[in-house]
$ cat run-v2.cif   # mmCIF, C-alpha atoms
data_entry
#
loop_
_atom_site.label_atom_id
_atom_site.label_comp_id
_atom_site.auth_asym_id
_atom_site.auth_seq_id
_atom_site.Cartn_x
_atom_site.Cartn_y
_atom_site.Cartn_z
CA MET D 1 3.96 -10.65 27.26
CA ILE D 2 0.61 -12.36 26.97
CA ALA D 3 1.11 -14.65 29.91
CA ARG D 4 2.28 -11.76 32.06
CA ARG D 5 -0.65 -9.58 31.04
CA ASP D 6 -3.24 -12.26 31.68
CA LEU D 7 -1.70 -13.14 35.04
CA LEU D 8 -1.73 -9.53 36.15
CA GLN D 9 -5.24 -8.89 34.87
CA ILE D 10 -6.59 -11.85 36.83
CA THR D 11 -4.68 -10.90 39.94
CA LEU D 12 -5.48 -7.20 39.77
CA GLY D 13 -9.11 -7.97 39.10
CA GLY D 14 -9.48 -10.32 42.04
CA THR D 15 -6.80 -11.00 44.58
CA LEU D 16 -5.35 -7.54 44.52
CA GLY D 17 -8.74 -6.06 45.27
CA LEU D 18 -9.00 -8.23 48.33
CA LEU D 19 -5.49 -7.32 49.41
CA ALA D 20 -6.23 -3.63 49.02
CA ALA D 21 -9.06 -4.00 51.49
CA CYS D 22 -6.76 -5.57 54.01
CA SER D 23 -4.10 -3.00 54.80
CA SER D 24 -2.02 -5.44 56.82
CA ARG D 25 -1.41 -7.46 53.65
CA ARG D 26 -0.41 -4.52 51.45
CA THR D 27 2.57 -2.25 51.71
CA GLU D 28 1.42 1.11 53.00
CA LYS D 29 2.04 3.90 50.52
CA ARG D 30 4.12 6.66 52.06
CA THR D 31 3.61 10.37 51.58
CA ASP D 32 6.82 11.56 53.23
CA ARG D 33 9.20 10.44 50.46
CA ILE D 34 9.39 9.45 46.80
CA ARG D 35 10.45 5.89 46.10
CA LEU D 36 12.37 5.34 42.85
CA TRP D 37 13.57 2.18 41.12
CA VAL D 38 16.43 2.44 38.61
CA ALA D 39 18.05 0.02 36.17
CA PRO D 40 20.30 -2.55 37.85
CA ASN D 41 23.60 -1.59 36.29
CA GLU D 42 26.56 0.22 37.75
CA ALA D 43 26.66 3.12 35.30
CA GLU D 44 23.02 4.15 35.71
CA GLU D 45 23.05 3.54 39.45
CA GLY D 46 26.04 5.87 39.72
CA PHE D 47 24.17 8.63 37.91
CA TRP D 48 21.03 8.35 40.04
CA LYS D 49 23.09 8.33 43.23
CA ILE D 50 24.43 11.77 42.33
CA ALA D 51 21.13 13.15 40.99
CA VAL D 52 19.14 12.03 44.03
CA ALA D 53 21.77 13.37 46.41
CA ARG D 54 21.62 16.79 44.72
CA TRP D 55 17.82 16.85 44.85
CA ASN D 56 17.72 15.90 48.51
CA ALA D 57 20.45 18.36 49.47
CA ARG D 58 18.64 21.27 47.85
CA GLY D 59 15.31 20.51 49.49
CA ARG D 60 13.37 21.22 46.34
CA GLY D 61 10.56 18.85 47.27
CA LEU D 62 9.92 15.52 48.94
CA PRO D 63 13.13 13.55 49.54
CA VAL D 64 13.81 10.71 47.14
CA GLN D 65 14.85 7.21 48.17
CA PHE D 66 16.14 5.05 45.32
CA ALA D 67 17.11 1.43 44.80
CA THR D 68 17.96 -0.70 41.80
CA ILE D 69 15.15 -2.84 40.40
CA PRO D 70 15.43 -5.99 42.53
CA THR D 71 15.80 -8.53 39.76
CA ALA D 72 18.15 -11.19 38.50
CA GLY D 73 16.18 -11.54 35.25
CA ALA D 74 13.83 -9.34 33.25
CA SER D 75 12.88 -6.13 35.02
CA GLU D 76 9.39 -6.39 33.48
CA ASP D 77 8.73 -9.53 35.51
CA THR D 78 9.90 -7.80 38.67
CA VAL D 79 7.65 -4.78 38.07
CA LEU D 80 4.61 -6.98 37.42
CA SER D 81 5.32 -9.07 40.50
CA ALA D 82 5.65 -5.91 42.59
CA LEU D 83 2.31 -4.65 41.31
CA VAL D 84 0.69 -7.91 42.32
CA ALA D 85 2.27 -7.77 45.76
CA GLY D 86 1.70 -4.04 46.24
CA THR D 87 5.41 -3.31 46.67
CA GLU D 88 5.91 -1.15 43.59
CA PRO D 89 7.70 2.20 44.04
CA ASP D 90 6.31 5.59 43.06
CA LEU D 91 8.24 5.67 39.81
CA SER D 92 10.51 3.31 37.89
CA THR D 93 13.04 3.68 35.10
CA ASN D 94 14.15 1.00 32.61
CA ILE D 95 10.70 0.80 30.95
CA PHE D 96 10.55 0.33 27.19
CA SER D 97 7.61 1.79 25.28
CA GLY D 98 5.74 -1.48 24.67
CA PHE D 99 5.85 -2.40 28.35
CA ALA D 100 4.66 1.10 29.28
CA VAL D 101 1.62 0.59 27.03
CA GLN D 102 0.95 -2.77 28.67
CA LEU D 103 1.04 -1.14 32.10
CA ALA D 104 -1.30 1.61 30.86
CA ALA D 105 -3.75 -0.97 29.47
CA LEU D 106 -3.85 -2.48 32.94
CA GLY D 107 -4.54 0.95 34.46
CA GLN D 108 -1.31 0.95 36.44
CA VAL D 109 0.52 4.12 35.30
CA GLU D 110 -0.21 7.82 35.18
CA ASN D 111 -0.73 9.78 31.97
CA LEU D 112 2.34 12.00 32.21
CA ALA D 113 1.01 14.37 29.53
CA ALA D 114 -1.67 15.43 32.02
CA MET D 115 0.86 16.40 34.69
CA PRO D 116 1.37 20.11 35.39
CA GLY D 117 4.63 21.19 33.78
CA TYR D 118 4.68 18.46 31.11
CA ALA D 119 4.67 20.82 28.11
CA GLU D 120 7.33 23.00 29.71
CA LEU D 121 9.55 19.95 30.25
CA VAL D 122 9.19 18.83 26.62
CA ALA D 123 10.18 22.31 25.44
CA ARG D 124 13.02 22.70 27.94
CA ARG D 125 14.53 19.35 27.01
CA ASP D 126 13.95 19.83 23.26
CA MET D 127 11.89 16.64 22.99
CA GLY D 128 9.32 17.95 20.50
CA ALA D 129 10.49 15.65 17.70
CA ILE D 130 10.89 12.67 20.05
CA MET D 131 7.62 12.57 21.98
CA PRO D 132 5.28 11.62 19.09
CA GLY D 133 6.86 8.17 19.21
CA TRP D 134 5.87 7.91 22.87
CA THR D 135 2.38 9.39 22.54
CA GLN D 136 -0.80 7.42 21.89
CA GLY D 137 -3.83 9.63 21.47
CA ASN D 138 -3.31 12.15 24.27
CA GLN D 139 -1.63 9.60 26.52
CA VAL D 140 2.06 9.49 27.46
CA CYS D 141 2.66 6.39 29.55
CA ALA D 142 6.42 6.89 29.93
CA LEU D 143 8.95 9.66 29.42
CA PRO D 144 12.10 8.61 27.55
CA ILE D 145 15.31 9.07 29.51
CA TYR D 146 17.68 8.15 26.73
CA SER D 147 17.63 7.29 23.05
CA SER D 148 19.98 4.72 21.51
CA PRO D 149 19.64 4.85 17.72
CA THR D 150 20.78 1.94 15.60
CA LEU D 151 23.41 2.72 12.97
CA LEU D 152 25.52 0.68 10.58
CA TRP D 153 29.11 0.20 11.62
CA TRP D 154 31.57 -0.25 8.78
CA ARG D 155 35.22 -1.14 8.77
CA ALA D 156 36.53 2.09 7.27
CA ASP D 157 39.80 0.43 6.26
CA LEU D 158 37.95 -2.23 4.26
CA LEU D 159 35.69 0.35 2.63
CA GLU D 160 38.68 2.43 1.57
CA LYS D 161 40.55 -0.61 0.28
CA HIS D 162 37.63 -1.34 -2.02
CA GLY D 163 37.07 2.18 -3.29
CA PHE D 164 34.65 3.70 -0.78
CA SER D 165 35.60 6.89 1.04
CA ALA D 166 32.47 6.97 3.23
CA PRO D 167 29.92 4.49 4.61
CA PRO D 168 27.22 3.32 2.16
CA ARG D 169 23.95 5.24 2.40
CA THR D 170 21.73 3.39 -0.07
CA TYR D 171 21.00 -0.21 -1.02
CA ALA D 172 22.80 0.43 -4.31
CA ASP D 173 25.91 1.53 -2.39
CA VAL D 174 25.82 -1.68 -0.35
CA TYR D 175 25.36 -3.84 -3.44
CA ALA D 176 28.28 -2.12 -5.17
CA PHE D 177 30.54 -2.68 -2.16
CA CYS D 178 29.46 -6.32 -1.80
CA GLU D 179 30.32 -6.96 -5.45
CA ARG D 180 33.89 -5.90 -4.68
CA TYR D 181 34.31 -7.29 -1.18
CA GLY D 182 32.24 -10.47 -1.01
CA VAL D 183 33.78 -13.90 -1.49
CA ALA D 184 31.31 -16.77 -1.77
CA ARG D 185 30.67 -18.52 1.57
CA SER D 186 33.75 -17.01 3.22
CA ARG D 187 33.51 -13.20 3.24
CA TYR D 188 30.39 -11.06 3.32
CA GLY D 189 29.54 -7.43 2.69
CA MET D 190 27.50 -7.01 5.86
CA GLN D 191 25.61 -8.80 8.59
CA VAL D 192 21.96 -8.20 7.70
CA ILE D 193 20.08 -10.29 10.29
CA SER D 194 20.98 -9.77 13.93
CA GLY D 195 19.70 -13.12 15.19
CA ARG D 196 16.58 -15.25 15.50
CA GLY D 197 15.21 -13.97 18.81
CA TRP D 198 12.16 -11.70 18.86
CA ALA D 199 14.19 -8.69 20.05
CA ASP D 200 16.58 -9.02 17.09
CA ARG D 201 13.87 -7.63 14.80
CA TRP D 202 14.56 -4.19 16.26
CA PHE D 203 18.08 -4.40 14.86
CA ASP D 204 17.29 -5.61 11.37
CA PHE D 205 13.86 -5.46 9.74
CA ILE D 206 12.40 -2.73 11.98
CA SER D 207 15.52 -0.56 11.61
CA PHE D 208 15.43 -1.04 7.83
CA TYR D 209 11.68 -0.37 7.77
CA TYR D 210 11.99 2.90 9.69
CA ALA D 211 14.77 4.02 7.33
CA ALA D 212 12.70 3.12 4.25
CA SER D 213 9.49 4.71 5.57
CA ASN D 214 11.10 7.88 6.96
CA GLY D 215 10.01 6.85 10.44
CA ALA D 216 6.41 5.88 9.67
CA PRO D 217 4.92 3.39 12.15
CA TYR D 218 4.78 -0.33 11.39
CA LEU D 219 1.75 -0.80 13.64
CA GLU D 220 -1.26 1.33 14.52
CA GLY D 221 -3.81 0.15 17.03
CA GLY D 222 -4.71 -3.40 16.11
CA HIS D 223 -3.41 -3.30 12.55
CA ALA D 224 0.00 -4.08 11.01
CA LEU D 225 1.13 -1.38 8.57
CA TYR D 226 4.40 -2.81 7.29
CA ASP D 227 2.91 -4.62 4.28
CA ASN D 228 3.45 -1.49 2.20
CA ALA D 229 5.97 0.08 -0.17
CA ALA D 230 8.51 0.76 2.58
CA GLY D 231 8.17 -2.76 3.94
CA LEU D 232 8.69 -4.16 0.45
CA GLN D 233 11.85 -2.09 0.04
CA ALA D 234 13.26 -3.33 3.35
CA ALA D 235 12.26 -6.95 2.72
CA GLY D 236 13.59 -6.75 -0.82
CA PHE D 237 16.96 -5.56 0.46
CA ILE D 238 17.16 -8.44 2.94
CA ASP D 239 16.14 -10.92 0.26
CA ARG D 240 18.67 -9.71 -2.31
CA MET D 241 21.52 -9.80 0.20
CA PHE D 242 20.79 -13.46 0.94
CA ARG D 243 20.08 -14.53 -2.65
CA ARG D 244 23.37 -13.02 -3.85
CA GLY D 245 25.35 -14.56 -0.99
CA TRP D 246 26.40 -11.17 0.34
CA THR D 247 25.37 -12.02 3.90
CA ALA D 248 25.21 -15.21 5.96
CA LEU D 249 22.56 -17.09 7.91
CA ASP D 250 24.63 -17.13 11.09
CA PHE D 251 27.39 -14.92 12.49
CA ASP D 252 27.11 -16.09 16.10
CA ALA D 253 30.48 -17.84 16.19
CA GLU D 254 32.45 -14.60 16.24
CA GLU D 255 32.27 -10.83 16.02
CA PRO D 256 32.29 -10.44 12.23
CA LEU D 257 33.59 -6.86 12.23
CA VAL D 258 36.74 -7.91 14.05
CA SER D 259 37.70 -10.71 11.70
CA GLY D 260 36.42 -8.99 8.58
CA LEU D 261 33.99 -11.86 8.00
CA ALA D 262 31.57 -8.98 7.43
CA ALA D 263 32.56 -5.39 6.76
CA GLY D 264 29.32 -3.87 8.09
CA ALA D 265 26.76 -4.59 10.81
CA VAL D 266 23.97 -2.83 12.71
CA ARG D 267 25.22 -1.76 16.12
CA GLY D 268 24.00 0.41 19.00
CA PRO D 269 25.94 2.97 21.06
CA TRP D 270 26.40 0.44 23.88
CA ASP D 271 28.77 -1.43 21.53
CA VAL D 272 31.24 1.46 21.70
CA GLU D 273 32.17 0.59 25.29
CA ARG D 274 32.21 -3.13 24.51
CA PHE D 275 34.58 -2.67 21.58
CA ALA D 276 36.73 -0.20 23.52
CA LYS D 277 37.32 -2.86 26.17
CA ILE D 278 37.61 -5.96 24.00
CA TYR D 279 38.41 -4.83 20.45
CA PRO D 280 40.05 -1.38 20.69
CA GLU D 281 42.04 -1.82 17.48
CA THR D 282 38.87 -2.62 15.55
CA LEU D 283 36.98 0.30 17.10
CA ALA D 284 39.67 2.65 15.81
CA ARG D 285 38.80 1.47 12.28
CA ILE D 286 35.01 1.83 12.59
CA ALA D 287 32.98 4.46 10.73
CA ALA D 288 29.32 4.77 11.70
CA GLY D 289 26.85 5.38 8.89
CA PRO D 290 23.07 5.56 8.57
CA ILE D 291 20.77 2.60 8.25
CA VAL D 292 20.65 2.21 4.49
CA SER D 293 17.52 2.73 2.41
CA GLN D 294 16.58 2.85 -1.25
CA ALA D 295 17.08 6.61 -1.45
CA THR D 296 18.63 9.12 0.87
CA GLY D 297 17.58 12.67 1.65
CA GLN D 298 19.10 15.61 3.44
CA GLY D 299 20.00 15.30 7.11
CA PRO D 300 19.90 12.25 9.37
CA GLY D 301 17.53 9.52 8.27
CA ALA D 302 15.07 7.64 10.43
CA THR D 303 16.11 4.56 12.36
CA PHE D 304 15.10 2.49 15.36
CA SER D 305 15.82 3.71 18.88
CA ASP D 306 16.41 1.24 21.68
CA SER D 307 15.07 3.63 24.29
CA LYS D 308 14.03 3.27 27.89
CA GLY D 309 11.82 5.58 29.88
CA VAL D 310 10.31 6.18 33.29
CA VAL D 311 6.75 5.66 34.54
CA ILE D 312 4.83 6.89 37.58
CA PHE D 313 2.51 4.30 39.08
CA LYS D 314 -1.11 5.17 39.74
CA SER D 315 -0.83 3.68 43.21
CA SER D 316 1.58 6.45 44.19
CA ARG D 317 0.21 8.92 46.70
CA VAL D 318 2.90 11.41 45.72
CA ALA D 319 2.52 11.30 41.93
CA ARG D 320 2.65 15.09 41.48
CA GLU D 321 5.74 15.35 43.66
CA ALA D 322 7.33 12.43 41.77
CA PHE D 323 6.75 14.22 38.46
CA ASP D 324 8.32 17.40 39.86
CA PHE D 325 11.44 15.40 40.69
CA LEU D 326 11.41 13.71 37.29
CA ALA D 327 11.00 17.02 35.46
CA TRP D 328 13.90 18.47 37.43
CA VAL D 329 16.23 15.58 36.53
CA LEU D 330 15.28 15.33 32.87
CA GLY D 331 15.09 19.07 32.33
CA ASP D 332 18.49 19.90 33.84
CA ALA D 333 21.02 20.04 30.99
CA ALA D 334 23.95 19.64 33.38
CA LEU D 335 22.44 16.41 34.71
CA ASN D 336 21.83 15.27 31.14
CA LEU D 337 25.53 15.77 30.49
CA LEU D 338 26.36 13.81 33.63
CA TRP D 339 24.10 11.01 32.38
CA LEU D 340 25.93 11.01 29.05
CA GLN D 341 29.33 10.93 30.72
CA ARG D 342 28.35 8.16 33.12
CA THR D 343 26.45 5.88 30.74
CA GLY D 344 27.51 6.79 27.21
CA LEU D 345 23.80 6.77 26.26
CA SER D 346 22.39 9.85 24.54
CA PRO D 347 19.79 11.78 26.56
CA ALA D 348 16.49 11.90 24.67
CA ARG D 349 16.85 15.48 23.55
CA GLY D 350 17.16 16.94 20.08
CA ASP D 351 19.83 19.55 20.69
CA LEU D 352 22.83 17.39 21.56
CA LEU D 353 24.98 18.69 18.71
CA GLU D 354 23.79 22.31 18.99
CA ASN D 355 23.89 22.82 22.75
CA PRO D 356 27.38 24.07 23.71
CA LEU D 357 27.13 22.21 27.03
CA PHE D 358 27.59 18.90 25.17
CA ALA D 359 30.25 20.09 22.72
CA GLY D 360 33.17 18.88 24.81
CA TYR D 361 31.83 15.35 25.05
CA TYR D 362 31.38 14.99 21.30
CA ARG D 363 34.54 16.80 20.24
CA GLY D 364 36.83 14.28 18.60
CA ASN D 365 34.20 11.54 18.97
CA PRO D 366 32.81 10.91 15.45
CA ILE D 367 30.91 7.75 16.39
CA GLY D 368 29.26 9.53 19.33
CA GLN D 369 28.38 12.44 17.04
CA ALA D 370 26.76 10.08 14.54
CA TYR D 371 24.51 8.62 17.23
CA ALA D 372 23.66 12.04 18.65
CA ALA D 373 22.72 13.30 15.19
CA HIS D 374 20.07 10.55 14.89
CA VAL D 375 18.42 10.92 18.30
CA ALA D 376 15.64 13.20 17.05
CA SER D 377 14.87 11.03 14.00
CA ALA D 378 15.08 7.64 15.75
CA LYS D 379 11.80 5.92 16.60
CA PRO D 380 11.02 3.67 19.57
CA PRO D 381 9.24 0.31 19.28
CA ALA D 382 5.57 0.34 18.35
CA LEU D 383 3.31 1.35 21.20
CA SER D 384 1.83 -2.09 21.70
CA GLU D 385 1.50 -4.39 24.67
CA HIS D 386 1.94 -7.30 22.24
CA THR D 387 5.49 -6.42 21.17
CA ILE D 388 6.94 -9.88 21.78
CA ASP D 389 4.16 -11.66 19.89
CA ILE D 390 4.34 -9.23 16.97
CA GLN D 391 8.06 -9.70 16.60
CA LYS D 392 7.87 -13.46 16.95
CA ILE D 393 5.52 -13.39 13.96
CA MET D 394 7.95 -11.15 12.07
CA THR D 395 10.68 -13.70 12.75
CA ALA D 396 8.71 -16.80 11.74
CA LYS D 397 6.67 -15.40 8.86
CA LEU D 398 8.95 -12.73 7.39
CA VAL D 399 12.63 -12.83 8.31
CA GLU D 400 13.25 -16.57 8.36
CA PRO D 401 11.46 -17.19 5.01
CA LEU D 402 13.55 -14.39 3.48
CA MET D 403 16.74 -15.88 4.88
CA THR D 404 16.01 -19.29 3.40
CA GLY D 405 14.35 -18.10 0.20
CA GLN D 406 11.09 -19.90 0.96
CA ARG D 407 8.96 -16.81 0.27
CA THR D 408 9.25 -13.81 -1.98
CA PRO D 409 9.44 -10.47 -0.15
CA LYS D 410 5.88 -9.61 -1.20
CA ALA D 411 4.46 -12.96 -0.08
CA ALA D 412 6.37 -12.95 3.21
CA LEU D 413 5.20 -9.43 4.05
CA ALA D 414 1.58 -10.26 3.30
CA GLU D 415 1.68 -13.44 5.38
CA ALA D 416 3.40 -11.78 8.33
CA ALA D 417 1.06 -8.77 8.37
CA ALA D 418 -2.02 -11.00 8.09
CA ALA D 419 -0.81 -13.19 10.96
CA THR D 420 -0.12 -10.07 13.05
CA ASP D 421 -3.62 -8.71 12.40
CA GLN D 422 -5.19 -12.04 13.28
CA MET D 423 -3.24 -12.27 16.54
CA LEU D 424 -4.21 -8.72 17.49
CA ARG D 425 -7.89 -9.39 16.77
CA LEU D 426 -7.82 -12.46 18.97
CA ARG D 427 -6.14 -10.54 21.78
CA ALA D 428 -8.39 -7.49 21.56
#
$ encode --input "run-v2.cif" --output "structure tokens"
Amino acid sequence: MIARRDLLQITLGGTLGLLAACSSRRTEKRTDRIRLWVAPNEAEEGFWKIAVARWNARGRGLPVQFATIPTAGASEDTVLSALVAGTEPDLSTNIFSGFAVQLAALGQVENLAAMPGYAELVARRDMGAIMPGWTQGNQVCALPIYSSPTLLWWRADLLEKHGFSAPPRTYADVYAFCERYGVARSRYGMQVISGRGWADRWFDFISFYYAASNGAPYLEGGHALYDNAAGLQAAGFIDRMFRRGWTALDFDAEEPLVSGLAAGAVRGPWDVERFAKIYPETLARIAAGPIVSQATGQGPGATFSDSKGVVIFKSSRVAREAFDFLAWVLGDAALNLLWLQRTGLSPARGDLLENPLFAGYYRGNPIGQAYAAHVASAKPPALSEHTIDIQKIMTAKLVEPLMTGQRTPKAALAEAAAATDQMLRLRA
């Protein structure tokens, strides 16, 4: 993100100012409609087509015109390019929390917490437990549309065969299962590391850290917090799994849950549709359990949420009207149900298993219920514009040394946190 941020800062500080003074070179901002960009996938586009049509038909406010984010690559690049060119819409979906903070640092998005009706929307959508993860000081850069918690998928048939009637909940449970199931260099208890890309840290160390810390942040301002007791528990778990040969360095060659190469793996709700299409027989054998931790308490534990939200750009001349539309969409329970039915992604609301409107969707759907139960306790990525750099450091200084045994958990944590702090000081 650093290159993007620097490019946009330079451009917004210079060229964009010149373009703003020359109206013929900038797209004129309209006040007769609300322009919306949505994620470029068929399921979400189908939802917004219906939602926008209903809004426009009822004449509740300014008409909305929507289009998919015009990108063949990362939507973040498209949004930044649009800001440089002055072609950004009034509001855009598909924004993860770190990118929202980056846009806020550049002065490009509205503080949604200051919008009239914000508190009422949070209450109406039962987002009280969710919004702290999206709030920095008194600023809310983006409102979450959906929450996709990470959970551990287990082959229920393999668990049962080896004496387990339910998914493991603690490290000790996992170790006990691995003792029974693991076969050196050919069969593993679970896939612990998701991959070596920066984004993979969300689905291994950060998920384990949130579970161990009960959702405490791993970063605050310019300081890494994960060199602590919870971080040591998570790193210690990863280390022990590798040192005992209960997990492998690489599972990329195949889907380990299908072959039984691993009996457990971290997966998100989007994998339900993938397995239903490609591996339906395996999906029928899957039981979803919590991200394991050293100890377990009552109720759903904390985990990572791969969430996306929506921002309103400061350049919009209809920001209030755009928020009214947004509050209507997000606050309408029937539209939230439609979103769930269309996308399979849980709306970011805490009442999914209590609200009778959603009961039909979750009836007879135990995996869906497990994800819904964790929406309120799942945490988004750290609110930092340096997400990519932070997680590259986690990969190089923490995860990879643990995989290879080059560092102890304590030493790896200290080195990774120190490198993160140094990078953040340099970028401040």
$ closest_residue --input "run-v2.cif" --among "D:Gly245, D:Gly107, D:Gly128, D:Gly163" --to "Gly350 (chain D)" --atoms "all atoms listed in the file"
D:Gly128
$ resolve_selection --input "run-v2.cif" --expression "the PyMOL selection byres ((chain D and resi 185) around 9)" --output "compact mmCIF listing (two decimals) with C-alpha atoms, in the coordinates of the input"
# COMPACT_ATOMS: atom_id res chain seq x y z
CA GLY D 182 32.24 -10.47 -1.01
CA VAL D 183 33.78 -13.90 -1.49
CA ALA D 184 31.31 -16.77 -1.77
CA SER D 186 33.75 -17.01 3.22
CA ARG D 187 33.51 -13.20 3.24
CA TYR D 188 30.39 -11.06 3.32
CA GLY D 245 25.35 -14.56 -0.99
CA TRP D 246 26.40 -11.17 0.34
CA THR D 247 25.37 -12.02 3.90
CA ALA D 248 25.21 -15.21 5.96
$ residues_around --input "run-v2.cif" --residues "Pro347 (chain D)" --least-positions-apart "3" --cutoff "7 Å" --atoms "only C-alpha atoms" --output "JSON, numbers by chain"
{"D": [145, 146, 147, 336, 340]}
$ resolve_selection --input "run-v2.cif" --expression "the PyMOL selection byres ((chain D and resi 318-331) around 10)" --output "number ranges by chain"
D: 29-36, 48, 51-52, 54-55, 60-64, 90-91, 109-110, 112, 115-118, 120-126, 143-146, 310-317, 332-336, 339, 347-349
$ closest_atom_pairs --input "run-v2.cif" --of "region 102-162 of chain D" --to "region 284-298 of chain D" --cutoff "7 Å" --atoms "only C-alpha atoms" --output "CSV"
residue,atom,partner,partner_atom,distance
D:Leu151,CA,D:Pro290,CA,5.2
D:Leu152,CA,D:Gly289,CA,5.2
D:Trp153,CA,D:Ala288,CA,4.6
D:Trp154,CA,D:Ala287,CA,5.3
D:Arg155,CA,D:Ile286,CA,4.8
D:Ala156,CA,D:Ala287,CA,5.5
D:Asp157,CA,D:Arg285,CA,6.2
$ resolve_selection --input "run-v2.cif" --expression "the PyMOL selection byres ((chain D and resi 193-207) around 6)" --output "list in words"
Gln191, Val192, Phe208, Tyr209, Tyr210, Thr303, Phe304, Gln391 and Lys392 of chain D
$ residues_near_point --input "run-v2.cif" --point "(29.2, 11.6, 23.1)" --cutoff "9 Å" --atoms "all atoms listed in the file" --output "PyMOL selection string"
chain D and resi 340-341+344-346+352+358-363+365-369+371-372
$ atom_distance --input "run-v2.cif" --atom1 "CA of Leu159 (chain D)" --atom2 "CA of Leu257 (chain D)"
12.2 Å
$ atom_distance --input "run-v2.cif" --atom1 "CA of Ser213 (chain D)" --atom2 "CA of Arg169 (chain D)"
14.8 Å
$ closest_residue --input "run-v2.cif" --among "D:Pro300, D:Gly309, D:Pro409, D:Gly268" --to "Thr150 (chain D)" --atoms "all atoms listed in the file"
D:Gly268
$ residues_around --input "run-v2.cif" --residues "Lys410 (chain D)" --least-positions-apart "3" --cutoff "10 Å" --atoms "only C-alpha atoms" --output "list in words"
Asp227, Asn228, Ala229, Gly231, Leu232, Gln233, Ala235, Gly236, Leu398, Arg407, Leu413, Ala414 and Glu415 of chain D
$ residues_near_point --input "run-v2.cif" --point "(3.9, 3.1, 30.3)" --cutoff "7 Å" --atoms "all atoms listed in the file" --output "tab-separated table (two decimals) with C-alpha atoms, in the frame of the given file"
chain	number	residue	atom	x	y	z
D	97	SER	CA	7.61	1.79	25.28
D	99	PHE	CA	5.85	-2.40	28.35
D	100	ALA	CA	4.66	1.10	29.28
D	101	VAL	CA	1.62	0.59	27.03
D	102	GLN	CA	0.95	-2.77	28.67
D	103	LEU	CA	1.04	-1.14	32.10
D	104	ALA	CA	-1.30	1.61	30.86
D	109	VAL	CA	0.52	4.12	35.30
D	141	CYS	CA	2.66	6.39	29.55
D	142	ALA	CA	6.42	6.89	29.93
D	311	VAL	CA	6.75	5.66	34.54
$ closest_residue --input "run-v2.cif" --among "D:Arg180, D:Lys161, D:Lys379, D:Arg427" --to "Ser307 (chain D)" --atoms "all atoms listed in the file"
D:Lys379
$ atom_distance --input "run-v2.cif" --atom1 "CA of Phe164 (chain D)" --atom2 "CA of Phe177 (chain D)"
7.7 Å
$ closest_residue --input "run-v2.cif" --among "D:Leu383, D:Val399, D:Val38, D:Leu83" --to "Leu219 (chain D)" --atoms "all atoms listed in the file"
D:Leu383
$ closest_residue --input "run-v2.cif" --among "D:Trp37, D:Phe275, D:Phe242, D:Phe96" --to "Glu255 (chain D)" --atoms "all atoms listed in the file"
D:Phe275
$ build_atoms --input "run-v2.cif" --residues "region 337-345 of chain D" --atoms "N, CA, C and O atoms" --output "PDB file, keeping the file's coordinate frame"
ATOM      1  N   LEU D 337      24.121  15.980  30.826  1.00  0.00           N
ATOM      2  CA  LEU D 337      25.530  15.770  30.490  1.00  0.00           C
ATOM      3  C   LEU D 337      26.164  14.735  31.404  1.00  0.00           C
ATOM      4  O   LEU D 337      26.918  13.867  30.955  1.00  0.00           O
ATOM      5  N   LEU D 338      25.847  14.804  32.684  1.00  0.00           N
ATOM      6  CA  LEU D 338      26.360  13.810  33.630  1.00  0.00           C
ATOM      7  C   LEU D 338      25.899  12.419  33.236  1.00  0.00           C
ATOM      8  O   LEU D 338      26.673  11.453  33.285  1.00  0.00           O
ATOM      9  N   TRP D 339      24.614  12.294  32.843  1.00  0.00           N
ATOM     10  CA  TRP D 339      24.100  11.010  32.380  1.00  0.00           C
ATOM     11  C   TRP D 339      24.918  10.491  31.196  1.00  0.00           C
ATOM     12  O   TRP D 339      25.316   9.329  31.139  1.00  0.00           O
ATOM     13  N   LEU D 340      25.171  11.369  30.239  1.00  0.00           N
ATOM     14  CA  LEU D 340      25.930  11.010  29.050  1.00  0.00           C
ATOM     15  C   LEU D 340      27.338  10.555  29.413  1.00  0.00           C
ATOM     16  O   LEU D 340      27.838   9.539  28.915  1.00  0.00           O
ATOM     17  N   GLN D 341      27.965  11.282  30.306  1.00  0.00           N
ATOM     18  CA  GLN D 341      29.330  10.930  30.720  1.00  0.00           C
ATOM     19  C   GLN D 341      29.377   9.619  31.485  1.00  0.00           C
ATOM     20  O   GLN D 341      30.318   8.836  31.342  1.00  0.00           O
ATOM     21  N   ARG D 342      28.371   9.370  32.284  1.00  0.00           N
ATOM     22  CA  ARG D 342      28.350   8.160  33.120  1.00  0.00           C
ATOM     23  C   ARG D 342      27.965   6.912  32.334  1.00  0.00           C
ATOM     24  O   ARG D 342      28.477   5.834  32.586  1.00  0.00           O
ATOM     25  N   THR D 343      27.021   7.062  31.399  1.00  0.00           N
ATOM     26  CA  THR D 343      26.450   5.880  30.740  1.00  0.00           C
ATOM     27  C   THR D 343      26.851   5.729  29.271  1.00  0.00           C
ATOM     28  O   THR D 343      26.778   4.635  28.726  1.00  0.00           O
ATOM     29  N   GLY D 344      27.233   6.825  28.634  1.00  0.00           N
ATOM     30  CA  GLY D 344      27.510   6.790  27.210  1.00  0.00           C
ATOM     31  C   GLY D 344      26.263   6.721  26.355  1.00  0.00           C
ATOM     32  O   GLY D 344      26.340   6.573  25.129  1.00  0.00           O
ATOM     33  N   LEU D 345      25.080   6.842  26.973  1.00  0.00           N
ATOM     34  CA  LEU D 345      23.800   6.770  26.260  1.00  0.00           C
ATOM     35  C   LEU D 345      23.253   8.184  26.067  1.00  0.00           C
ATOM     36  O   LEU D 345      23.214   8.972  27.007  1.00  0.00           O
TER      37      LEU D 345
END
